[in-house]
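Here is the file structure.pdb (PDB, C-alpha atoms, pLDDT in the B column).
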```pdb
MODEL        1
ATOM      1  CA  MET A   1       0.000   0.000   0.000  1.00 48.00           C
ATOM      2  CA  ASN A   2       1.100   3.548  -0.631  1.00 47.00           C
ATOM      3  CA  SER A   3       1.683   5.889   2.247  1.00 49.00           C
ATOM      4  CA  ASP A   4       0.348   9.436   2.279  1.00 48.00           C
ATOM      5  CA  SER A   5       3.737  10.839   1.296  1.00 47.00           C
ATOM      6  CA  GLU A   6       3.919   8.480  -1.712  1.00 46.00           C
ATOM      7  CA  ASN A   7       0.409   9.537  -2.775  1.00 44.00           C
ATOM      8  CA  GLU A   8       1.420  13.163  -2.458  1.00 44.00           C
ATOM      9  CA  CYS A   9       4.418  12.540  -4.702  1.00 42.00           C
ATOM     10  CA  LEU A  10       2.212  10.832  -7.292  1.00 44.00           C
ATOM     11  CA  ILE A  11      -0.154  13.792  -7.307  1.00 45.00           C
ATOM     12  CA  GLU A  12       2.768  16.207  -7.719  1.00 44.00           C
ATOM     13  CA  GLU A  13       4.231  14.132 -10.576  1.00 44.00           C
ATOM     14  CA  ARG A  14       0.922  14.072 -12.402  1.00 45.00           C
ATOM     15  CA  SER A  15       0.441  17.795 -12.022  1.00 43.00           C
ATOM     16  CA  SER A  16       3.800  18.574 -13.580  1.00 43.00           C
ATOM     17  CA  ASP A  17       3.843  15.867 -16.261  1.00 43.00           C
ATOM     18  CA  GLU A  18       0.297  15.619 -17.614  1.00 47.00           C
ATOM     19  CA  LYS A  19      -0.800  17.985 -20.356  1.00 46.00           C
ATOM     20  CA  PHE A  20      -4.006  17.966 -22.337  1.00 45.00           C
ATOM     21  CA  SER A  21      -3.894  16.643 -25.866  1.00 45.00           C
ATOM     22  CA  SER A  22      -4.379  18.975 -28.788  1.00 44.00           C
ATOM     23  CA  SER A  23      -7.501  17.016 -29.767  1.00 46.00           C
ATOM     24  CA  GLU A  24      -9.430  18.563 -26.873  1.00 46.00           C
ATOM     25  CA  SER A  25     -11.428  21.547 -27.872  1.00 47.00           C
ATOM     26  CA  GLU A  26     -10.405  24.391 -25.609  1.00 45.00           C
ATOM     27  CA  SER A  27     -12.385  26.995 -27.526  1.00 50.00           C
ATOM     28  CA  ASP A  28     -15.718  25.478 -26.447  1.00 49.00           C
ATOM     29  CA  ASP A  29     -15.182  26.105 -22.769  1.00 54.00           C
ATOM     30  CA  ASP A  30     -12.764  29.001 -22.466  1.00 58.00           C
ATOM     31  CA  CYS A  31     -14.138  29.874 -19.055  1.00 58.00           C
ATOM     32  CA  LEU A  32     -13.335  26.347 -17.805  1.00 63.00           C
ATOM     33  CA  ASP A  33      -9.637  26.397 -18.779  1.00 65.00           C
ATOM     34  CA  SER A  34      -8.465  27.071 -15.240  1.00 64.00           C
ATOM     35  CA  ALA A  35     -10.515  24.130 -13.934  1.00 65.00           C
ATOM     36  CA  ARG A  36      -8.656  21.756 -16.242  1.00 66.00           C
ATOM     37  CA  ASP A  37      -5.268  22.609 -14.739  1.00 70.00           C
ATOM     38  CA  TRP A  38      -3.921  20.095 -12.262  1.00 71.00           C
ATOM     39  CA  CYS A  39      -3.163  21.486  -8.836  1.00 70.00           C
ATOM     40  CA  GLN A  40      -1.447  20.090  -5.785  1.00 74.00           C
ATOM     41  CA  ILE A  41      -3.794  18.610  -3.181  1.00 72.00           C
ATOM     42  CA  ASP A  42      -2.840  18.777   0.466  1.00 71.00           C
ATOM     43  CA  VAL A  43      -3.867  15.328   1.706  1.00 75.00           C
ATOM     44  CA  THR A  44      -2.844  16.141   5.272  1.00 79.00           C
ATOM     45  CA  SER A  45      -5.355  18.973   5.640  1.00 72.00           C
ATOM     46  CA  PRO A  46      -8.730  17.906   7.083  1.00 71.00           C
ATOM     47  CA  LEU A  47     -10.480  20.915   5.522  1.00 70.00           C
ATOM     48  CA  PRO A  48     -11.484  20.853   1.846  1.00 65.00           C
ATOM     49  CA  SER A  49      -9.901  23.416  -0.419  1.00 63.00           C
ATOM     50  CA  HIS A  50     -11.946  26.309  -1.765  1.00 65.00           C
ATOM     51  CA  PRO A  51     -14.084  25.421  -4.774  1.00 64.00           C
ATOM     52  CA  LYS A  52     -12.793  26.340  -8.219  1.00 72.00           C
ATOM     53  CA  PHE A  53     -16.239  27.739  -9.055  1.00 76.00           C
ATOM     54  CA  PRO A  54     -17.521  29.947  -6.253  1.00 76.00           C
ATOM     55  CA  PHE A  55     -21.291  30.242  -5.970  1.00 77.00           C
ATOM     56  CA  THR A  56     -22.396  33.553  -7.448  1.00 84.00           C
ATOM     57  CA  GLY A  57     -26.143  32.994  -7.631  1.00 86.00           C
ATOM     58  CA  ASN A  58     -28.932  34.520  -5.603  1.00 88.00           C
ATOM     59  CA  PRO A  59     -30.147  31.831  -3.146  1.00 86.00           C
ATOM     60  CA  GLY A  60     -33.719  31.374  -2.064  1.00 82.00           C
ATOM     61  CA  ILE A  61     -37.117  30.403  -3.406  1.00 74.00           C
ATOM     62  CA  LYS A  62     -37.952  32.250  -6.614  1.00 79.00           C
ATOM     63  CA  VAL A  63     -41.669  31.461  -6.686  1.00 78.00           C
ATOM     64  CA  CYS A  64     -44.541  32.700  -4.560  1.00 77.00           C
ATOM     65  CA  ILE A  65     -46.246  29.898  -2.656  1.00 73.00           C
ATOM     66  CA  GLY A  66     -48.436  32.003  -0.440  1.00 74.00           C
ATOM     67  CA  ASP A  67     -48.598  32.294   3.313  1.00 76.00           C
ATOM     68  CA  SER A  68     -50.342  29.000   4.006  1.00 75.00           C
ATOM     69  CA  GLY A  69     -47.131  26.986   4.359  1.00 75.00           C
ATOM     70  CA  ASP A  70     -49.011  23.991   2.966  1.00 81.00           C
ATOM     71  CA  PRO A  71     -46.534  21.170   2.192  1.00 81.00           C
ATOM     72  CA  PHE A  72     -48.635  20.258  -0.848  1.00 82.00           C
ATOM     73  CA  GLU A  73     -47.763  23.635  -2.414  1.00 83.00           C
ATOM     74  CA  TYR A  74     -44.063  22.833  -2.051  1.00 81.00           C
ATOM     75  CA  PHE A  75     -44.675  19.377  -3.523  1.00 85.00           C
ATOM     76  CA  ASN A  76     -46.425  20.920  -6.544  1.00 85.00           C
ATOM     77  CA  LEU A  77     -43.347  23.040  -7.241  1.00 83.00           C
ATOM     78  CA  PHE A  78     -41.467  19.862  -8.141  1.00 86.00           C
ATOM     79  CA  LEU A  79     -44.201  17.550  -9.393  1.00 90.00           C
ATOM     80  CA  ASP A  80     -46.748  19.740 -11.119  1.00 91.00           C
ATOM     81  CA  ASP A  81     -49.425  18.630 -13.609  1.00 93.00           C
ATOM     82  CA  GLU A  82     -46.989  18.910 -16.506  1.00 94.00           C
ATOM     83  CA  MET A  83     -44.521  16.565 -14.768  1.00 94.00           C
ATOM     84  CA  PHE A  84     -47.283  14.077 -13.915  1.00 96.00           C
ATOM     85  CA  SER A  85     -48.475  14.169 -17.536  1.00 96.00           C
ATOM     86  CA  PHE A  86     -44.939  13.354 -18.652  1.00 96.00           C
ATOM     87  CA  ILE A  87     -44.606  10.485 -16.150  1.00 96.00           C
ATOM     88  CA  VAL A  88     -47.975   9.047 -17.210  1.00 97.00           C
ATOM     89  CA  GLU A  89     -47.148   9.363 -20.919  1.00 97.00           C
ATOM     90  CA  GLU A  90     -43.775   7.636 -20.491  1.00 97.00           C
ATOM     91  CA  THR A  91     -45.236   4.914 -18.263  1.00 96.00           C
ATOM     92  CA  ASN A  92     -47.904   4.104 -20.829  1.00 96.00           C
ATOM     93  CA  ARG A  93     -45.367   4.265 -23.674  1.00 96.00           C
ATOM     94  CA  TYR A  94     -43.059   1.865 -21.832  1.00 95.00           C
ATOM     95  CA  ALA A  95     -45.950  -0.541 -21.200  1.00 94.00           C
ATOM     96  CA  GLU A  96     -46.865  -0.541 -24.893  1.00 93.00           C
ATOM     97  CA  SER A  97     -43.299  -1.290 -25.965  1.00 93.00           C
ATOM     98  CA  PHE A  98     -43.045  -3.993 -23.293  1.00 91.00           C
ATOM     99  CA  PHE A  99     -46.186  -5.752 -24.522  1.00 89.00           C
ATOM    100  CA  GLU A 100     -45.027  -5.586 -28.143  1.00 88.00           C
ATOM    101  CA  ASN A 101     -41.808  -7.442 -27.296  1.00 88.00           C
ATOM    102  CA  ALA A 102     -42.966  -9.762 -24.502  1.00 88.00           C
ATOM    103  CA  GLU A 103     -44.202 -13.299 -24.899  1.00 89.00           C
ATOM    104  CA  LEU A 104     -46.879 -13.509 -22.228  1.00 87.00           C
ATOM    105  CA  THR A 105     -48.597 -16.627 -21.035  1.00 90.00           C
ATOM    106  CA  PRO A 106     -52.415 -16.675 -21.082  1.00 89.00           C
ATOM    107  CA  GLY A 107     -52.527 -16.461 -17.272  1.00 91.00           C
ATOM    108  CA  SER A 108     -50.148 -13.492 -17.033  1.00 90.00           C
ATOM    109  CA  ARG A 109     -51.407 -10.617 -14.916  1.00 89.00           C
ATOM    110  CA  ALA A 110     -49.758  -8.227 -17.383  1.00 88.00           C
ATOM    111  CA  LEU A 111     -52.668  -8.926 -19.743  1.00 87.00           C
ATOM    112  CA  LYS A 112     -54.904  -7.022 -17.314  1.00 89.00           C
ATOM    113  CA  TRP A 113     -52.862  -3.831 -17.840  1.00 91.00           C
ATOM    114  CA  LYS A 114     -54.742  -0.690 -18.661  1.00 94.00           C
ATOM    115  CA  ASN A 115     -53.186   2.694 -19.257  1.00 96.00           C
ATOM    116  CA  THR A 116     -52.638   4.834 -16.192  1.00 96.00           C
ATOM    117  CA  ASN A 117     -53.721   8.442 -15.698  1.00 97.00           C
ATOM    118  CA  LYS A 118     -52.593  11.440 -13.640  1.00 96.00           C
ATOM    119  CA  GLU A 119     -54.913  10.754 -10.699  1.00 94.00           C
ATOM    120  CA  GLU A 120     -53.752   7.158 -10.390  1.00 95.00           C
ATOM    121  CA  MET A 121     -50.098   8.220 -10.666  1.00 95.00           C
ATOM    122  CA  LYS A 122     -50.576  10.863  -7.957  1.00 92.00           C
ATOM    123  CA  ARG A 123     -52.004   8.210  -5.637  1.00 90.00           C
ATOM    124  CA  PHE A 124     -49.072   5.920  -6.399  1.00 92.00           C
ATOM    125  CA  ILE A 125     -46.491   8.635  -5.642  1.00 93.00           C
ATOM    126  CA  ALA A 126     -48.374   9.516  -2.451  1.00 87.00           C
ATOM    127  CA  LEU A 127     -48.231   5.877  -1.338  1.00 87.00           C
ATOM    128  CA  LEU A 128     -44.497   5.751  -2.031  1.00 89.00           C
ATOM    129  CA  LEU A 129     -43.937   8.903   0.007  1.00 89.00           C
ATOM    130  CA  LEU A 130     -46.123   7.602   2.840  1.00 86.00           C
ATOM    131  CA  GLN A 131     -44.196   4.332   2.881  1.00 85.00           C
ATOM    132  CA  GLY A 132     -41.046   6.389   3.374  1.00 86.00           C
ATOM    133  CA  VAL A 133     -42.548   8.068   6.433  1.00 86.00           C
ATOM    134  CA  VAL A 134     -44.457   5.131   7.946  1.00 86.00           C
ATOM    135  CA  GLN A 135     -41.857   2.387   7.847  1.00 85.00           C
ATOM    136  CA  LYS A 136     -42.638  -1.287   8.168  1.00 87.00           C
ATOM    137  CA  THR A 137     -40.233  -4.180   7.756  1.00 87.00           C
ATOM    138  CA  VAL A 138     -42.461  -6.128   5.379  1.00 87.00           C
ATOM    139  CA  GLU A 139     -44.245  -4.376   2.507  1.00 84.00           C
ATOM    140  CA  GLN A 140     -47.388  -6.509   2.862  1.00 84.00           C
ATOM    141  CA  TRP A 141     -47.877  -5.132   6.378  1.00 85.00           C
ATOM    142  CA  PHE A 142     -48.934  -1.801   4.859  1.00 81.00           C
ATOM    143  CA  TRP A 143     -52.116  -3.530   3.658  1.00 80.00           C
ATOM    144  CA  SER A 144     -52.704  -5.701   6.748  1.00 83.00           C
ATOM    145  CA  LYS A 145     -56.120  -5.586   8.447  1.00 83.00           C
ATOM    146  CA  ARG A 146     -54.675  -6.823  11.756  1.00 85.00           C
ATOM    147  CA  PRO A 147     -55.018  -4.017  14.339  1.00 84.00           C
ATOM    148  CA  ILE A 148     -51.402  -4.204  15.443  1.00 85.00           C
ATOM    149  CA  LEU A 149     -50.090  -3.890  11.867  1.00 84.00           C
ATOM    150  CA  SER A 150     -52.763  -1.835  10.142  1.00 80.00           C
ATOM    151  CA  THR A 151     -52.208   1.569   8.589  1.00 78.00           C
ATOM    152  CA  PRO A 152     -55.710   3.109   8.709  1.00 76.00           C
ATOM    153  CA  PHE A 153     -54.854   5.837   6.222  1.00 70.00           C
ATOM    154  CA  LEU A 154     -54.104   3.246   3.516  1.00 65.00           C
ATOM    155  CA  GLU A 155     -57.488   1.564   3.925  1.00 64.00           C
ATOM    156  CA  LYS A 156     -59.287   4.526   2.331  1.00 61.00           C
TER     157      LYS A 156
ENDMDL
END
```
Rewrite the structure from the file as C-alpha coordinates, please.
Amino acid sequence: MNSDSENECLIEERSSDEKFSSSESESDDDCLDSARDWCQIDVTSPLPSHPKFPFTGNPGIKVCIGDSGDPFEYFNLFLDDEMFSFIVEETNRYAESFFENAELTPGSRALKWKNTNKEEMKRFIALLLLQGVVQKTVEQWFWSKRPILSTPFLEK
(Lines of atoms letter the chains of each structure in order from A and count residues from 1; the text may use other names and numbers.)
(Lines give C-alpha, C1' and ligand atoms only; values in the text may rest on other atoms or scores of the structure.)
Protein backbone atom coordinates (compact mmCIF):
# COMPACT_ATOMS: atom_id res chain seq x y z
CA MET A 1 0.00 0.00 0.00
CA ASN A 2 1.10 3.55 -0.63
CA SER A 3 1.68 5.89 2.25
CA ASP A 4 0.35 9.44 2.28
CA SER A 5 3.74 10.84 1.30
CA GLU A 6 3.92 8.48 -1.71
CA ASN A 7 0.41 9.54 -2.78
CA GLU A 8 1.42 13.16 -2.46
CA CYS A 9 4.42 12.54 -4.70
CA LEU A 10 2.21 10.83 -7.29
CA ILE A 11 -0.15 13.79 -7.31
CA GLU A 12 2.77 16.21 -7.72
CA GLU A 13 4.23 14.13 -10.58
CA ARG A 14 0.92 14.07 -12.40
CA SER A 15 0.44 17.79 -12.02
CA SER A 16 3.80 18.57 -13.58
CA ASP A 17 3.84 15.87 -16.26
CA GLU A 18 0.30 15.62 -17.61
CA LYS A 19 -0.80 17.99 -20.36
CA PHE A 20 -4.01 17.97 -22.34
CA SER A 21 -3.89 16.64 -25.87
CA SER A 22 -4.38 18.98 -28.79
CA SER A 23 -7.50 17.02 -29.77
CA GLU A 24 -9.43 18.56 -26.87
CA SER A 25 -11.43 21.55 -27.87
CA GLU A 26 -10.41 24.39 -25.61
CA SER A 27 -12.38 26.99 -27.53
CA ASP A 28 -15.72 25.48 -26.45
CA ASP A 29 -15.18 26.10 -22.77
CA ASP A 30 -12.76 29.00 -22.47
CA CYS A 31 -14.14 29.87 -19.05
CA LEU A 32 -13.33 26.35 -17.80
CA ASP A 33 -9.64 26.40 -18.78
CA SER A 34 -8.47 27.07 -15.24
CA ALA A 35 -10.51 24.13 -13.93
CA ARG A 36 -8.66 21.76 -16.24
CA ASP A 37 -5.27 22.61 -14.74
CA TRP A 38 -3.92 20.10 -12.26
CA CYS A 39 -3.16 21.49 -8.84
CA GLN A 40 -1.45 20.09 -5.78
CA ILE A 41 -3.79 18.61 -3.18
CA ASP A 42 -2.84 18.78 0.47
CA VAL A 43 -3.87 15.33 1.71
CA THR A 44 -2.84 16.14 5.27
CA SER A 45 -5.35 18.97 5.64
CA PRO A 46 -8.73 17.91 7.08
CA LEU A 47 -10.48 20.91 5.52
CA PRO A 48 -11.48 20.85 1.85
CA SER A 49 -9.90 23.42 -0.42
CA HIS A 50 -11.95 26.31 -1.77
CA PRO A 51 -14.08 25.42 -4.77
CA LYS A 52 -12.79 26.34 -8.22
CA PHE A 53 -16.24 27.74 -9.05
CA PRO A 54 -17.52 29.95 -6.25
CA PHE A 55 -21.29 30.24 -5.97
CA THR A 56 -22.40 33.55 -7.45
CA GLY A 57 -26.14 32.99 -7.63
CA ASN A 58 -28.93 34.52 -5.60
CA PRO A 59 -30.15 31.83 -3.15
CA GLY A 60 -33.72 31.37 -2.06
CA ILE A 61 -37.12 30.40 -3.41
CA LYS A 62 -37.95 32.25 -6.61
CA VAL A 63 -41.67 31.46 -6.69
CA CYS A 64 -44.54 32.70 -4.56
CA ILE A 65 -46.25 29.90 -2.66
CA GLY A 66 -48.44 32.00 -0.44
CA ASP A 67 -48.60 32.29 3.31
CA SER A 68 -50.34 29.00 4.01
CA GLY A 69 -47.13 26.99 4.36
CA ASP A 70 -49.01 23.99 2.97
CA PRO A 71 -46.53 21.17 2.19
CA PHE A 72 -48.63 20.26 -0.85
CA GLU A 73 -47.76 23.63 -2.41
CA TYR A 74 -44.06 22.83 -2.05
CA PHE A 75 -44.67 19.38 -3.52
CA ASN A 76 -46.43 20.92 -6.54
CA LEU A 77 -43.35 23.04 -7.24
CA PHE A 78 -41.47 19.86 -8.14
CA LEU A 79 -44.20 17.55 -9.39
CA ASP A 80 -46.75 19.74 -11.12
CA ASP A 81 -49.43 18.63 -13.61
CA GLU A 82 -46.99 18.91 -16.51
CA MET A 83 -44.52 16.56 -14.77
CA PHE A 84 -47.28 14.08 -13.92
CA SER A 85 -48.47 14.17 -17.54
CA PHE A 86 -44.94 13.35 -18.65
CA ILE A 87 -44.61 10.49 -16.15
CA VAL A 88 -47.97 9.05 -17.21
CA GLU A 89 -47.15 9.36 -20.92
CA GLU A 90 -43.78 7.64 -20.49
CA THR A 91 -45.24 4.91 -18.26
CA ASN A 92 -47.90 4.10 -20.83
CA ARG A 93 -45.37 4.27 -23.67
CA TYR A 94 -43.06 1.86 -21.83
CA ALA A 95 -45.95 -0.54 -21.20
CA GLU A 96 -46.86 -0.54 -24.89
CA SER A 97 -43.30 -1.29 -25.96
CA PHE A 98 -43.04 -3.99 -23.29
CA PHE A 99 -46.19 -5.75 -24.52
CA GLU A 100 -45.03 -5.59 -28.14
CA ASN A 101 -41.81 -7.44 -27.30
CA ALA A 102 -42.97 -9.76 -24.50
CA GLU A 103 -44.20 -13.30 -24.90
CA LEU A 104 -46.88 -13.51 -22.23
CA THR A 105 -48.60 -16.63 -21.04
CA PRO A 106 -52.42 -16.68 -21.08
CA GLY A 107 -52.53 -16.46 -17.27
CA SER A 108 -50.15 -13.49 -17.03
CA ARG A 109 -51.41 -10.62 -14.92
CA ALA A 110 -49.76 -8.23 -17.38
CA LEU A 111 -52.67 -8.93 -19.74
CA LYS A 112 -54.90 -7.02 -17.31
CA TRP A 113 -52.86 -3.83 -17.84
CA LYS A 114 -54.74 -0.69 -18.66
CA ASN A 115 -53.19 2.69 -19.26
CA THR A 116 -52.64 4.83 -16.19
CA ASN A 117 -53.72 8.44 -15.70
CA LYS A 118 -52.59 11.44 -13.64
CA GLU A 119 -54.91 10.75 -10.70
CA GLU A 120 -53.75 7.16 -10.39
CA MET A 121 -50.10 8.22 -10.67
CA LYS A 122 -50.58 10.86 -7.96
CA ARG A 123 -52.00 8.21 -5.64
CA PHE A 124 -49.07 5.92 -6.40
CA ILE A 125 -46.49 8.63 -5.64
CA ALA A 126 -48.37 9.52 -2.45
CA LEU A 127 -48.23 5.88 -1.34
CA LEU A 128 -44.50 5.75 -2.03
CA LEU A 129 -43.94 8.90 0.01
CA LEU A 130 -46.12 7.60 2.84
CA GLN A 131 -44.20 4.33 2.88
CA GLY A 132 -41.05 6.39 3.37
CA VAL A 133 -42.55 8.07 6.43
CA VAL A 134 -44.46 5.13 7.95
CA GLN A 135 -41.86 2.39 7.85
CA LYS A 136 -42.64 -1.29 8.17
CA THR A 137 -40.23 -4.18 7.76
CA VAL A 138 -42.46 -6.13 5.38
CA GLU A 139 -44.25 -4.38 2.51
CA GLN A 140 -47.39 -6.51 2.86
CA TRP A 141 -47.88 -5.13 6.38
CA PHE A 142 -48.93 -1.80 4.86
CA TRP A 143 -52.12 -3.53 3.66
CA SER A 144 -52.70 -5.70 6.75
CA LYS A 145 -56.12 -5.59 8.45
CA ARG A 146 -54.67 -6.82 11.76
CA PRO A 147 -55.02 -4.02 14.34
CA ILE A 148 -51.40 -4.20 15.44
CA LEU A 149 -50.09 -3.89 11.87
CA SER A 150 -52.76 -1.84 10.14
CA THR A 151 -52.21 1.57 8.59
CA PRO A 152 -55.71 3.11 8.71
CA PHE A 153 -54.85 5.84 6.22
CA LEU A 154 -54.10 3.25 3.52
CA GLU A 155 -57.49 1.56 3.92
CA LYS A 156 -59.29 4.53 2.33
Worksheet entry | One-decimal distance in Å that lies between CA of Ile125 in chain A and CA of Leu79 in chain A | 9.9 Å
Worksheet item: In terms of the shortest atom-to-atom distance over all atoms listed in the file, which of A:Ser108, A:Thr116, A:Pro59, A:Arg123 is closest to Glu96 in chain A?
Response: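 Among the listed residues, A:Thr116 lies closest to Glu96 in chain A.
Distance check against Phe86 in chain A using all atoms listed in the file: of A:Leu130, A:Leu149, A:Met121, A:Ala102, the minimum falls on A:Met121.
Among the candidate residues A:Trp141, A:Phe55, A:Phe153, A:Trp113, the one lying nearest to Ala126 in chain A is A:Phe153, with distances computed using all atoms listed in the file.
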Practice prompt. Go ahead and compute the interatomic distance for CA of Lys118 in chain A and CA of Glu100 in chain A, in Å to one decimal.
Written response: 23.6 Å
Discussion item. Here is a test: counting only C-alpha atoms, which residue of A:Asn92, A:Ser150, A:Thr56, A:Ser45 is nearest to Val134 in chain A?
Written reply: A:Ser150
Discussion item. Here's the selection I'm unsure about, the PyMOL selection byres ((chain A and resi 117) around 10); applied to the file above, which residues does it give, as a list in words?
Written reply: Phe84, Ser85, Ile87, Val88, Glu89, Thr91, Asn92, Lys114, Asn115, Thr116, Lys118, Glu119, Glu120, Met121 and Lys122 of chain A
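The space between CA of Leu111 in chain A and CA of Phe99 in chain A spans 8.7 Å.
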